[in-house]
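Visitor: Can you read through this structure? Questions will come right after.
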Amino acid sequence: MSTPAVTDKRAGSLRGASLPKWFPLAVVVGSVAVAVAIGLGAGLDSKVQWGLIAAVLAVLVTYVVASRVEGRRQAKDRIATSLVWVCFLVAVVPLASLIWATAKRGVKVLDGYFLSHSMAGVADTEPGGGIYHALLGTLEQVGLATLIAVPIGVLTAIYLVEYGRGGLAKAVTFFVDVMTGIPSIVAGLFVLSFWILILKMGYSGFAGSLALAILMMPVVVRSTEEMLKLVPNELREASLALGVPKWRTILKVVLPTSIGGIATGVMLSIARITGETAPVLLLVWGTNFINTNPFKDPQGSLPLYIYQQYANSSGSGAAYDRAWAAALTLIAFVMILNLVARGIARWKAPKTGR
Amino acid sequence: MAKRIDVSGLTAYYGSHKAIEDISMTVEPRSVTAFIGPSGCGKSTFLRTLNRMHEVTPGGRVEGKVMLDSEDLYGAGVDPVSVRREVGMVFQRPNPFPTMSIFDNVAAGLRLNGNYKKSQLNDIVEKSLKGANLWNEVKDRLNKPGSGLSGGQQQRLCIARAIAVEPKVLLMDEPCSALDPISTLAIEDLIGELKERFTIVIVTHNMQQAARVSDRTAFFNLAAVGQPGRLIEIDDTERIFSNPSVQATEDYISGRFG
Ligand SMILES: Nc1ncnc2c1ncn2[C@@H]1O[C@H](COP(=O)(O)OP(=O)(O)OP(=O)(O)O)[C@@H](O)[C@H]1O
Ligand SMILES: [Mg+2]
């Protein structure tokens, strides 16, 4: 007698009413439509306002409908989900539109000629010319900065994680933290006063590399430190217990285990400094001609090129197009670095397969 | 060549915390000595003082003497690195190097120390894997990563890695605690074979295991939480398990501890 009653009750409480799968999509489409209608009707010309209205509508409608049909707990679940989606869109829309805008305007003049010619003899208003000198300059400056910053940064991180105890390590950590916060213009001014004004060296790509290295070093230290800390102590002890000296343990066990992560960190720090403009403006000075020697005389540089072309373009014309094309090149360069970093991380990750 | 260990008045600290106090004992060459005792009484700590791994822990400090045959491990001018080449260690959790293949894991000690002949390497690796009862299971996949083995296989891989450098003494800290009965048995058999060549010290929480594999058994205990651990007694395993001279040992072995 009592058994069926119990079964019925349990089935009822477990199932409950639920909204169909297409409900979220319908809400989004509906609220976008309503938002467009409101925007047109009220004459709001900012698309941002339209988007916000749509977002608020979608969240509200979801909550009201869901709490009517499914109950409060499911409604809260849905509202959390839709809030996450809204935040995701708020973060991604600007990024996507930035890449879209850059790509749309950049492809106009971006071709083999553009990549392989300098601006020598090309006036700002004339079409033609290219970024070869700037690309070369950026590669050399960033390469030199990497050569300076990575060994120092990685060795510092090794010291901090493997050897550092007590006061000195604390002091180094503190100064690395302070360095992380140095604005790029300050790093540039520091090198300007030290390298160019006091030591009387001229403007050069290398002067820029020094400032970039200052900006890069703390990033490398921090990321390498985190990666080294991830290496289990058991591996160090296993190696030490085999009678392997500590320095060899670090070189042959700790570093190979973490090399993927370290390389990723280095790539990301390169990506970060590639776009720096202020130190380059102060120290490398810029030129329209190809200068392959980073140690002597001003060089070109991509961020600087973008800035100068845009500043001289008055908002349209050949220089304007070149600025966008150079920006696209810069973004592509950084993206490729990111992809390479991911590739290395995956390739070098400790293998677990059979 | 196995060697005798002679410990006298050994005290070890973690910073200001005294973990073990005034331990003296002799470990005979070509024998198996088991350490038993409640958790936290300092068995691992003591074991790690025997190959100077204790000082790797930040704040780790040791007082007293550990004689390996006629040399004091803590004497002036003794290089901990060469001590560890004489006294190998197997850890509680298997810890093969994740970036290395099975072959490289076994060869790691020789390669990292740089003292080997290329032509001998294959032989040494094969001999060590056979010694660790693992050869048949891995001989077809020596180039696969060591972390792809099962837990028990990994532990035997770590044993192979430890014996490849031909230490005089082998320390094992609960080598079977993460293993199934079959792997455990394999390792116990292995210990029986290895004692022909090495001096073996093993920490275990498994009374039957201690009774099965060891010739001598040492019982450690601590007076109270926060107190340093002490050696209560060390005797032939048979005596310890049948007729120990201290009441606390009998209580612990028969499960009446605490
Ligand atoms: N790294 C460390 N830092 C500080 N104290 C430690 C450290 N390792 C162990 N100790 C302390 O030393 C004492 C002995 O620890 P130990 O690991 O030697 O015990 P054990 O007998 O091996 O225990 P178990 O059977 O659980 O492995 C404990 O009180 C422990 O808290
Ligand atoms: Mg222990």
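Residues in the structure tokens are numbered from 1 in each chain, the chains being A, B, ... in the order shown, and ligands are numbered from 1 in the order shown.
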Excluding Leu170 in chain B and its own-chain neighbours fewer than 5 positions away, which residues fall within 9 Å of it when counting only C-alpha atoms? Please give them as a PyMOL selection string.
Guide: chain B and resi 86-90+162-163+198-202
Visitor: With N, CA, C and O atoms kept, could you save the residues just selected as a short mmCIF file (atom, residue, chain, number, x, y, z; two decimals), in the first residue's frame?
Guide:
```
data_model
loop_
_atom_site.label_atom_id
_atom_site.label_comp_id
_atom_site.auth_asym_id
_atom_site.auth_seq_id
_atom_site.Cartn_x
_atom_site.Cartn_y
_atom_site.Cartn_z
N GLU B 86 77.72 6.52 -1.62
CA GLU B 86 77.94 5.28 -0.88
C GLU B 86 76.65 4.75 -0.27
O GLU B 86 76.48 3.55 -0.13
N VAL B 87 75.79 5.68 0.13
CA VAL B 87 74.57 5.30 0.85
C VAL B 87 73.37 5.75 0.02
O VAL B 87 73.02 6.92 0.01
N GLY B 88 72.76 4.82 -0.69
CA GLY B 88 71.64 5.15 -1.56
C GLY B 88 70.33 5.16 -0.80
O GLY B 88 70.26 4.71 0.35
N MET B 89 69.28 5.67 -1.47
CA MET B 89 68.01 5.82 -0.76
C MET B 89 66.83 5.57 -1.69
O MET B 89 66.85 5.98 -2.84
N VAL B 90 65.82 4.90 -1.18
CA VAL B 90 64.55 4.73 -1.90
C VAL B 90 63.48 5.37 -1.04
O VAL B 90 63.41 5.15 0.16
N ALA B 162 68.50 3.29 -7.76
CA ALA B 162 69.37 3.43 -6.59
C ALA B 162 70.51 2.41 -6.62
O ALA B 162 71.64 2.73 -6.24
N ILE B 163 70.23 1.17 -7.10
CA ILE B 163 71.31 0.17 -7.05
C ILE B 163 72.24 0.28 -8.25
O ILE B 163 73.33 -0.29 -8.24
N PHE B 198 74.23 -5.69 -0.39
CA PHE B 198 74.17 -4.39 0.26
C PHE B 198 73.82 -4.53 1.73
O PHE B 198 73.29 -5.55 2.15
N THR B 199 74.11 -3.47 2.47
CA THR B 199 73.55 -3.34 3.80
C THR B 199 72.22 -2.62 3.64
O THR B 199 72.16 -1.58 3.00
N ILE B 200 71.15 -3.18 4.17
CA ILE B 200 69.84 -2.60 3.91
C ILE B 200 69.18 -2.17 5.20
O ILE B 200 69.18 -2.89 6.20
N VAL B 201 68.64 -0.94 5.18
CA VAL B 201 67.84 -0.46 6.29
C VAL B 201 66.47 -0.12 5.74
O VAL B 201 66.37 0.58 4.73
N ILE B 202 65.42 -0.63 6.38
CA ILE B 202 64.08 -0.39 5.86
C ILE B 202 63.18 0.11 6.97
O ILE B 202 63.19 -0.41 8.08
#
```
Visitor: Select the residues contacting ligand 2 at a distance of at most 12 Å, based on only C-alpha atoms and all ligand atoms, then format the selection as number ranges by chain.
Guide: B: 19, 35-48, 91-93, 172-175, 177, 202-205, 220
Visitor: Return the neighbours of chain B among the residues of chain A, cut-off 9 Å, counting only C-alpha atoms, as a CSV table (one decimal) with N, CA and C atoms, in the first residue's frame.
Guide:
```csv
chain,number,residue,atom,x,y,z
A,165,ARG,N,68.1,32.1,0.9
A,165,ARG,CA,67.6,32.0,2.3
A,165,ARG,C,67.9,33.3,2.9
A,234,GLU,N,60.5,16.1,-4.2
A,234,GLU,CA,60.9,14.7,-4.2
A,234,GLU,C,61.9,14.4,-5.4
A,235,LEU,N,61.7,15.2,-6.5
A,235,LEU,CA,62.7,14.9,-7.6
A,235,LEU,C,64.1,15.4,-7.2
A,237,GLU,N,65.3,15.6,-4.2
A,237,GLU,CA,65.8,14.7,-3.2
A,237,GLU,C,66.2,13.4,-3.9
A,238,ALA,N,65.4,12.9,-4.9
A,238,ALA,CA,65.8,11.7,-5.6
A,238,ALA,C,67.2,11.8,-6.2
A,239,SER,N,67.4,13.0,-6.8
A,239,SER,CA,68.7,13.2,-7.5
A,239,SER,C,69.8,13.4,-6.5
A,240,LEU,N,69.6,14.2,-5.4
A,240,LEU,CA,70.6,14.3,-4.4
A,240,LEU,C,71.0,13.0,-3.8
A,241,ALA,N,70.0,12.2,-3.6
A,241,ALA,CA,70.2,10.9,-2.9
A,241,ALA,C,71.0,9.9,-3.8
A,242,LEU,N,71.1,10.2,-5.1
A,242,LEU,CA,71.9,9.4,-6.0
A,242,LEU,C,73.4,9.9,-5.9
A,243,GLY,N,73.6,10.9,-5.1
A,243,GLY,CA,75.0,11.4,-5.1
A,243,GLY,C,75.3,12.4,-6.2
A,244,VAL,N,74.2,13.1,-6.7
A,244,VAL,CA,74.4,14.1,-7.7
A,244,VAL,C,74.6,15.5,-7.0
A,245,PRO,N,75.6,16.2,-7.4
A,245,PRO,CA,75.8,17.5,-6.7
A,245,PRO,C,74.6,18.4,-7.0
A,246,LYS,N,74.4,19.4,-6.1
A,246,LYS,CA,73.2,20.3,-6.2
A,246,LYS,C,73.1,21.0,-7.6
A,248,ARG,N,74.3,20.2,-10.4
A,248,ARG,CA,73.9,19.3,-11.5
A,248,ARG,C,72.5,18.9,-11.4
A,249,THR,N,72.0,18.7,-10.2
A,249,THR,CA,70.6,18.4,-10.0
A,249,THR,C,69.7,19.5,-10.6
A,252,LYS,N,70.2,19.3,-14.5
A,252,LYS,CA,69.8,18.1,-15.3
A,252,LYS,C,68.4,17.6,-14.9
A,253,VAL,N,67.9,18.0,-13.7
A,253,VAL,CA,66.6,17.5,-13.2
A,253,VAL,C,65.6,18.6,-13.1
A,256,PRO,N,65.1,20.8,-16.7
A,256,PRO,CA,64.4,20.1,-17.8
A,256,PRO,C,62.9,19.8,-17.4
A,257,THR,N,62.7,19.6,-16.1
A,257,THR,CA,61.3,19.4,-15.7
A,257,THR,C,60.4,20.6,-15.9
A,348,LYS,N,57.3,20.3,-24.4
A,348,LYS,CA,58.3,20.0,-23.3
A,348,LYS,C,57.6,19.5,-22.0
A,349,ALA,N,56.3,19.5,-22.0
A,349,ALA,CA,55.6,19.0,-20.8
A,349,ALA,C,56.1,17.6,-20.4
A,350,PRO,N,56.3,17.3,-19.1
A,350,PRO,CA,56.7,16.0,-18.7
A,350,PRO,C,55.7,15.0,-19.3
A,351,LYS,N,56.2,13.9,-19.9
A,351,LYS,CA,55.3,13.0,-20.5
A,351,LYS,C,54.8,11.9,-19.6
A,352,THR,N,53.5,11.6,-19.7
A,352,THR,CA,53.0,10.6,-18.8
A,352,THR,C,52.5,9.4,-19.6
A,353,GLY,N,52.5,9.5,-20.9
A,353,GLY,CA,52.0,8.4,-21.7
A,353,GLY,C,52.7,7.1,-21.5
A,354,ARG,N,52.1,6.0,-21.9
A,354,ARG,CA,52.8,4.7,-21.8
A,354,ARG,C,53.7,4.4,-22.9
```
Visitor: I'd like the neighbourhood of range 133-135 of chain A as an MDAnalysis selection string, where a residue qualifies if any of its atoms comes within 7 Å (using only C-alpha atoms), though same-chain residues fewer than 3 positions away should be ignored.
Guide: chainID A and resid 118 138:139 289:291 300:302 305
Visitor: Take CA of Ile262 in chain A and CA of Leu304 in chain A and report the distance between them in Å, one decimal.
Guide: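 About the pair CA of Ile262 in chain A and CA of Leu304 in chain A: they are 29.1 Å apart.
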